[in-house]
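Encoded as structure tokens, the structure appears first; notes follow it.
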Amino acid sequence: MARKKPKHASAAKDVRSADSLPFDGRDLGILLALILSTLAVYAQVRGHQFIGLDDNQYLVENPIVARGLTFGGIAWAFTTFHAANWHPLTWLSHMLDCQLFGLNAGAHLLVNLAFHVGNTVLVFWFFRRVTGARWCSALVAGFFALHPLHVESVAWASERKDVLAAFFGLLALVAYARYAEKTSWPRYALVALCLALGLICKPMLVTWPFVLLLLDVWPLCRLRWPVDEGNSSSLRQAWPLLREKIPLLAIALASVFITFIAQTRGGAVRALADAPLGLRFANALVSYAKYFIASFWPLERGVYYPFPAGGYSLWQIAGAAALLAFITVGAVLAARRQPCWLVGWLWFLGTLVPVIGLVQVGGQAMADRYHYLPSIGLFAALVFGGAALVARSPRGPAWAAGVSVVLLALCAGLTARQVQRWRDGVSLFTYTLSVTTDNLLVEYNLGHALGQRGESEAALRHFKNALRLDPDLFDALINAGMTYNQMARPAEGLPYLERALRLFPNSSKAHTQRAIALAQLGEKAEALREFRRALELAPRDAEAHSNLGLILARQGELAAGTRHLLEAVRLNPRSAEAQNNLGLVLLAGGDARASLPHCEAALRLNPRLDSARENLRRAQAQAR
């Protein structure tokens with residue numbers, strides 16, 4: 001039976017004409033403007049540093065990744081649930097960066113930027129292809145490229161998974177547009193391949209089969225909206241399109257299953273006792289509203305947003321529910337003339353489902369990076385729907401063009417400012433504390449970042465702030481004790497370390513730091529027992545080997561100390577402290593030439609390590 005012509009036939013006409021319409025000079029000019037403006041706003045990332053939060057476990061303190069591409073590393077990428085995730089392609093991309101650039105943070109971030117630029121091009125390409133609307137497609141791509149909420153996905157090295165998954169997800173959309181023009185198994189297989197590759201970068205794409213079904217309504221016009229003939233007719237029209245999504249849905253469900261196992265084993269999934277269902281549903285409603293509002297008012301954006309200490313008030317929940325209901329009803333009513341309103345809104349709502357907090361992973365209430373792909377649907381609804389509205393007025397298009405330019409310029413300015421805040425951990429965490437309250441994770445991470453800078457007193461203040469919010473925060477206890485050790489005030493740090501050991505008696509790191517404190521207090525025999533206990537618990541702990549080697553050497557056991565220090569350097573060649581300790585012990589043993597490369601390595605790894613500079617000077621003098 002012949003299919004009736006859709007009521008929004010003009011959109012279908014645009015799709016058919018776009019199929020035969022190649023990119024011309026104006027399209028290439030738009031692409032060039034999009035690329036150059038995105039690079040201009042984000043180019044400053046080349047001078048940025050790793051921020052510590054996640055970057056340590058993903059890159060800096062992950063020797064498997066830092067070694068670059070190796071056969072062992074490739075096998076690890078496909079078998080590990082490290083960082084409570086299974087995303088092998090993301091690990092491989094980080095390994096390739098380390099192979100090419102080492103741990104140069106700016107270079108890693110420029111690769112993120114390259115993917116973001118590529119994603120911007122794909123957004124323009126997809127909408128230009130399927131709608132034929134050049135300037136609307138350019139505007140959607142422009143907002144995607146320059147929106148401040150997308151800074152987190154680009155300027156955070158650990159979020160490579162975000163831009164990489166989006167790249168393959170957008171390729172899947174382009175491939176699906178080709179498949180919709182002429183269905184065939186090879187074209188379908190390409191869609192499935194792109195989706196699978198995206199899912200093994202980040203499982204955010206599990207909703208992509210749903211997005212493809214929305215695209216069948218608009219702009220591909222494979223499914224008419226609204227359906228006038230009743231439910232049976234609606235099902236007859238929709239069933240072939242639903243059926244063809246089943247293999248894609250199976251791929252998505254496999255990703256959901258693996259991800260749930262990874263996050264459960266990694267301890268990332270919060271129990272109902274920690275985050276009750278009532279709080280989760282309230283947070284989902286309020287977060288949806290906040291994501292929507294932040295799309296238009298993207299100010300005061302931090303890196304981590306904790307749950308409010310007292311939960312959400314009734315007016316917040318009711319207000320969020322009313323806002324979402326109002327927009328949904330409006331989108332349904334507007335869809336009779338312009339389906340893009342409903343399709344874009346459902347894209348926005350649907351793609352946020354995996355990260356809206358119903359299954360609570362981590363302690364954040366929401367995150368800017370989750371806005372990256374859902375925003376495309378929202379921008380498409382506003383731009384294409386708005387274009388249809390302003391087209392009714394003779395001066396409407398000109399006014400809309402002027403407003404669009406102003407909005408893009410504002411976005412670019414706000415984004416450039418936000419990118420600057422991501423230049424290092426101290427800058428980012430300090431700003432985040434200024435726009436959030438009772439932020440336990442950021443207090444701790446700011447203390448850690450300040451400690452790495454050598455600002456011990458300031459670091460201690462933030463560790464103590466974190467412990468005020470959670471007296472049993474193990475990492476804050478350890479770092480407070482370690483900071484006191486570094487300040488040569490071990491007696492003040494011991495209570496923190498002993499409390500940490502009461503929480504986790506088998507923590508190698510806690511035993512190591514307690515041993516350092518005891519050694520500073522002159523209790524060498526007890527310190528040696530603690531170091532040996534640390535190594536029993538973690539035989540591959542480079543820090544424990546390094547410290548045990550140093551204390552043995554100071555007691556005159558140079559050979560035994562050297563063995564432990566060599567093992568520490570083997571386990572973690574990027575540890576400045578281990579390299580410096582080995583150089584010092586070799587120098588004390590009279591082998592100045594052997595100590596030189598280790599002193600040089602220590603100084604190269606940490607130019608602020610004054611003891612390494614002094615050891616290098618002495619080694620150079622003795623080696624002459």
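Residues are referred to by chain and number: the chain letter is A, B, ... according to the order shown in the structure tokens, the number counts from 1 in that chain, and ligands are numbered separately from 1 in the order shown.
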
Exercise for review: Mind checking which residues fall within 9 Å of Gly311 of chain A, counting only C-alpha atoms, ignoring those fewer than 6 positions away in the same chain, and posting them as a PyMOL selection string?
Suggested key: chain A and resi 279+282-283

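Near segment 337-340 of chain A, within 8 Å and counting only C-alpha atoms, sit Lys7, His8, Val217, Trp218, Pro219, Trp225, Gly344, Ala380, Ala381, Phe384, Gly385 and Ala388 of chain A; same-chain residues fewer than 4 positions away were not included.
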
Point to revise | Separation of atom CA of Phe326 of chain A from atom CA of Tyr288 of chain A, in Å and rounded to one decimal | key: 13.1 Å

Practice item. Figure out the distance between atom CA of Leu215 of chain A and atom CA of Leu36 of chain A, please, to one decimal in Å. Key: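 Here the two named atoms are 29.4 Å from each other.
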
Review point. From the set A:Arg134, A:Lys202, A:His87, A:Arg613, which residue has the shortest atom-to-atom contact distance to His598 of chain A, counting only C-alpha atoms?
Key: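 Checking each of A:Arg134, A:Lys202, A:His87, A:Arg613 against His598 of chain A, counting only C-alpha atoms, the winner is A:Arg613.
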
Point to revise | Every residue of segment 328-539 of chain A that DSSP places in helix (DSSP H, G or I), as an NGL selection string | key: :A and (328-334 or 340-355 or 368-371 or 374-390 or 396-421 or 425-435 or 440-452 or 456-469 or 474-486 or 490-503 or 508-520 or 524-537)

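Counting only C-alpha atoms and comparing A:His116, A:Arg222, A:His147, A:Arg617, the residue that lies closest to Ala294 of chain A is A:His147.
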
Exercise for review: For Lys161 of chain A, please output as an MDAnalysis selection string all residues within 7 Å (counting only C-alpha atoms; exclusion window: fewer than 2 positions along the same chain).
Suggested key: chainID A and resid 90 159 163:165 201:202

How would the residues just picked look written out with N, CA and C atoms as a PDB file, in the first residue's frame?
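Saved the output as result32.pdb:
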```
ATOM      1  N   THR A  90      39.090   3.922  24.552  1.00  0.00           N
ATOM      2  CA  THR A  90      39.565   5.120  25.260  1.00  0.00           C
ATOM      3  C   THR A  90      40.957   4.888  25.818  1.00  0.00           C
ATOM      4  N   GLU A 159      38.482  13.094  30.152  1.00  0.00           N
ATOM      5  CA  GLU A 159      37.224  13.032  29.416  1.00  0.00           C
ATOM      6  C   GLU A 159      37.427  12.788  27.921  1.00  0.00           C
ATOM      7  N   VAL A 163      34.582  12.943  24.147  1.00  0.00           N
ATOM      8  CA  VAL A 163      34.699  13.434  22.770  1.00  0.00           C
ATOM      9  C   VAL A 163      34.905  12.276  21.791  1.00  0.00           C
ATOM     10  N   LEU A 164      35.561  11.206  22.244  1.00  0.00           N
ATOM     11  CA  LEU A 164      35.801  10.061  21.374  1.00  0.00           C
ATOM     12  C   LEU A 164      34.506   9.300  21.108  1.00  0.00           C
ATOM     13  N   ALA A 165      33.711   9.063  22.155  1.00  0.00           N
ATOM     14  CA  ALA A 165      32.417   8.393  21.964  1.00  0.00           C
ATOM     15  C   ALA A 165      31.500   9.241  21.084  1.00  0.00           C
ATOM     16  N   CYS A 201      34.091   3.323  23.796  1.00  0.00           N
ATOM     17  CA  CYS A 201      34.768   4.541  24.270  1.00  0.00           C
ATOM     18  C   CYS A 201      34.092   5.055  25.539  1.00  0.00           C
ATOM     19  N   LYS A 202      32.756   5.018  25.540  1.00  0.00           N
ATOM     20  CA  LYS A 202      31.967   5.454  26.696  1.00  0.00           C
ATOM     21  C   LYS A 202      30.544   4.966  26.493  1.00  0.00           C
TER      22      LYS A 202
END
```

I'd like a table as JSON lines: residues in segment 180-203 of chain A with an atom no more than 12 Å from segment 250-253 of chain A, each row giving the shortest atom pair and its distance in Å to one decimal, only C-alpha atoms counted, sorted by chain and rising residue number.
```
{"residue": "A:Val191", "atom": "CA", "partner": "A:Ile251", "partner_atom": "CA", "distance": 11.4}
{"residue": "A:Ala192", "atom": "CA", "partner": "A:Ile251", "partner_atom": "CA", "distance": 8.0}
{"residue": "A:Leu193", "atom": "CA", "partner": "A:Ile251", "partner_atom": "CA", "distance": 9.8}
{"residue": "A:Cys194", "atom": "CA", "partner": "A:Ile251", "partner_atom": "CA", "distance": 11.1}
{"residue": "A:Leu195", "atom": "CA", "partner": "A:Ile251", "partner_atom": "CA", "distance": 8.1}
{"residue": "A:Ala196", "atom": "CA", "partner": "A:Ile251", "partner_atom": "CA", "distance": 6.7}
{"residue": "A:Leu197", "atom": "CA", "partner": "A:Ile251", "partner_atom": "CA", "distance": 10.5}
{"residue": "A:Gly198", "atom": "CA", "partner": "A:Ala252", "partner_atom": "CA", "distance": 10.3}
{"residue": "A:Leu199", "atom": "CA", "partner": "A:Ala252", "partner_atom": "CA", "distance": 7.5}
{"residue": "A:Ile200", "atom": "CA", "partner": "A:Ala252", "partner_atom": "CA", "distance": 10.3}
{"residue": "A:Lys202", "atom": "CA", "partner": "A:Ala252", "partner_atom": "CA", "distance": 11.2}
{"residue": "A:Pro203", "atom": "CA", "partner": "A:Ala252", "partner_atom": "CA", "distance": 8.0}
```

Selected residues written out, all heavy atoms, as a PDB file, in the first residue's frame:
```
ATOM      1  N   VAL A 191      26.541   1.446  10.379  1.00  0.00           N
ATOM      2  CA  VAL A 191      25.899   2.093  11.524  1.00  0.00           C
ATOM      3  C   VAL A 191      26.209   1.313  12.801  1.00  0.00           C
ATOM      4  O   VAL A 191      26.601   1.887  13.829  1.00  0.00           O
ATOM      5  CB  VAL A 191      24.368   2.183  11.325  1.00  0.00           C
ATOM      6  CG1 VAL A 191      23.704   2.796  12.556  1.00  0.00           C
ATOM      7  CG2 VAL A 191      24.041   3.003  10.084  1.00  0.00           C
ATOM      8  N   ALA A 192      26.038  -0.003  12.736  1.00  0.00           N
ATOM      9  CA  ALA A 192      26.281  -0.845  13.910  1.00  0.00           C
ATOM     10  C   ALA A 192      27.738  -0.775  14.355  1.00  0.00           C
ATOM     11  O   ALA A 192      28.028  -0.719  15.561  1.00  0.00           O
ATOM     12  CB  ALA A 192      25.903  -2.295  13.597  1.00  0.00           C
ATOM     13  N   LEU A 193      28.663  -0.756  13.397  1.00  0.00           N
ATOM     14  CA  LEU A 193      30.080  -0.686  13.732  1.00  0.00           C
ATOM     15  C   LEU A 193      30.407   0.630  14.436  1.00  0.00           C
ATOM     16  O   LEU A 193      31.106   0.648  15.469  1.00  0.00           O
ATOM     17  CB  LEU A 193      30.932  -0.825  12.460  1.00  0.00           C
ATOM     18  CG  LEU A 193      32.447  -0.655  12.646  1.00  0.00           C
ATOM     19  CD1 LEU A 193      32.993  -1.741  13.569  1.00  0.00           C
ATOM     20  CD2 LEU A 193      33.162  -0.662  11.303  1.00  0.00           C
ATOM     21  N   CYS A 194      29.906   1.738  13.894  1.00  0.00           N
ATOM     22  CA  CYS A 194      30.171   3.045  14.530  1.00  0.00           C
ATOM     23  C   CYS A 194      29.582   3.098  15.941  1.00  0.00           C
ATOM     24  O   CYS A 194      30.216   3.622  16.864  1.00  0.00           O
ATOM     25  CB  CYS A 194      29.589   4.166  13.672  1.00  0.00           C
ATOM     26  SG  CYS A 194      30.448   4.423  12.111  1.00  0.00           S
ATOM     27  N   LEU A 195      28.383   2.539  16.111  1.00  0.00           N
ATOM     28  CA  LEU A 195      27.773   2.525  17.440  1.00  0.00           C
ATOM     29  C   LEU A 195      28.609   1.687  18.403  1.00  0.00           C
ATOM     30  O   LEU A 195      28.876   2.103  19.542  1.00  0.00           O
ATOM     31  CB  LEU A 195      26.352   1.972  17.354  1.00  0.00           C
ATOM     32  CG  LEU A 195      25.626   1.784  18.699  1.00  0.00           C
ATOM     33  CD1 LEU A 195      25.478   3.111  19.428  1.00  0.00           C
ATOM     34  CD2 LEU A 195      24.261   1.126  18.493  1.00  0.00           C
ATOM     35  N   ALA A 196      29.046   0.507  17.958  1.00  0.00           N
ATOM     36  CA  ALA A 196      29.848  -0.361  18.820  1.00  0.00           C
ATOM     37  C   ALA A 196      31.158   0.305  19.211  1.00  0.00           C
ATOM     38  O   ALA A 196      31.582   0.247  20.378  1.00  0.00           O
ATOM     39  CB  ALA A 196      30.113  -1.691  18.126  1.00  0.00           C
ATOM     40  N   LEU A 197      31.812   0.966  18.261  1.00  0.00           N
ATOM     41  CA  LEU A 197      33.066   1.658  18.565  1.00  0.00           C
ATOM     42  C   LEU A 197      32.832   2.791  19.564  1.00  0.00           C
ATOM     43  O   LEU A 197      33.638   3.017  20.467  1.00  0.00           O
ATOM     44  CB  LEU A 197      33.688   2.200  17.278  1.00  0.00           C
ATOM     45  CG  LEU A 197      34.255   1.153  16.311  1.00  0.00           C
ATOM     46  CD1 LEU A 197      34.683   1.808  15.006  1.00  0.00           C
ATOM     47  CD2 LEU A 197      35.428   0.413  16.941  1.00  0.00           C
ATOM     48  N   GLY A 198      31.724   3.498  19.399  1.00  0.00           N
ATOM     49  CA  GLY A 198      31.417   4.561  20.347  1.00  0.00           C
ATOM     50  C   GLY A 198      31.156   4.035  21.746  1.00  0.00           C
ATOM     51  O   GLY A 198      31.596   4.625  22.732  1.00  0.00           O
ATOM     52  N   LEU A 199      30.471   2.899  21.836  1.00  0.00           N
ATOM     53  CA  LEU A 199      30.150   2.330  23.138  1.00  0.00           C
ATOM     54  C   LEU A 199      31.388   1.826  23.870  1.00  0.00           C
ATOM     55  O   LEU A 199      31.414   1.828  25.109  1.00  0.00           O
ATOM     56  CB  LEU A 199      29.141   1.187  22.984  1.00  0.00           C
ATOM     57  CG  LEU A 199      27.707   1.621  22.678  1.00  0.00           C
ATOM     58  CD1 LEU A 199      26.861   0.441  22.232  1.00  0.00           C
ATOM     59  CD2 LEU A 199      27.077   2.306  23.886  1.00  0.00           C
ATOM     60  N   ILE A 200      32.411   1.391  23.135  1.00  0.00           N
ATOM     61  CA  ILE A 200      33.623   0.947  23.829  1.00  0.00           C
ATOM     62  C   ILE A 200      34.582   2.111  24.079  1.00  0.00           C
ATOM     63  O   ILE A 200      35.701   1.911  24.537  1.00  0.00           O
ATOM     64  CB  ILE A 200      34.343  -0.208  23.090  1.00  0.00           C
ATOM     65  CG1 ILE A 200      34.850   0.198  21.723  1.00  0.00           C
ATOM     66  CG2 ILE A 200      33.451  -1.425  23.012  1.00  0.00           C
ATOM     67  CD1 ILE A 200      35.684  -0.887  21.043  1.00  0.00           C
ATOM     68  N   LYS A 202      32.756   5.018  25.540  1.00  0.00           N
ATOM     69  CA  LYS A 202      31.967   5.454  26.696  1.00  0.00           C
ATOM     70  C   LYS A 202      30.544   4.966  26.493  1.00  0.00           C
ATOM     71  O   LYS A 202      29.980   5.134  25.402  1.00  0.00           O
ATOM     72  CB  LYS A 202      31.991   6.983  26.842  1.00  0.00           C
ATOM     73  CG  LYS A 202      31.280   7.495  28.085  1.00  0.00           C
ATOM     74  CD  LYS A 202      31.382   9.004  28.224  1.00  0.00           C
ATOM     75  CE  LYS A 202      30.694   9.471  29.501  1.00  0.00           C
ATOM     76  NZ  LYS A 202      30.820  10.923  29.686  1.00  0.00           N
ATOM     77  N   PRO A 203      29.927   4.365  27.512  1.00  0.00           N
ATOM     78  CA  PRO A 203      28.580   3.800  27.324  1.00  0.00           C
ATOM     79  C   PRO A 203      27.472   4.833  27.241  1.00  0.00           C
ATOM     80  O   PRO A 203      26.293   4.468  27.241  1.00  0.00           O
ATOM     81  CB  PRO A 203      28.416   2.900  28.557  1.00  0.00           C
ATOM     82  CG  PRO A 203      29.330   3.474  29.586  1.00  0.00           C
ATOM     83  CD  PRO A 203      30.500   4.030  28.827  1.00  0.00           C
TER      84      PRO A 203
END
```

Practice item. Tell me, as a list in words, which residues lie within 7 Å of segment 426-438 of chain A, counting only C-alpha atoms; anything in the same chain fewer than 6 positions away does not count. Key: Glu300, Gly302, Val303, Tyr305, Leu446, Ala449 and Leu450 of chain A

Check your understanding: Which one is closest to Ile30 of chain A: A:Met95, A:Ala594, A:Val121, A:Val174? Count only C-alpha atoms.
Key ->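 The closest residue to Ile30 of chain A is A:Val121.
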
Practice item. Write out as an NGL selection string the residues lying within 7 Å of His564 of chain A, counting only C-alpha atoms and excluding same-chain residues fewer than 5 positions away. Key: :A and (545-546 or 548-549)

Check your understanding: How many Å separate atom CA of Met482 of chain A from atom CA of Leu518 of chain A?
Key -> 12.0 Å

Can I get the residues of segment 183-232 of chain A within 10 Å of segment 362-379 of chain A, each with the closest pair of atoms and their distance in Å to one decimal, using only C-alpha atoms, sorted chain first then ascending number, as CSV?
```
residue,atom,partner,partner_atom,distance
A:Met204,CA,A:Tyr370,CA,8.5
A:Leu205,CA,A:Leu373,CA,8.9
A:Val211,CA,A:Gly377,CA,9.1
```
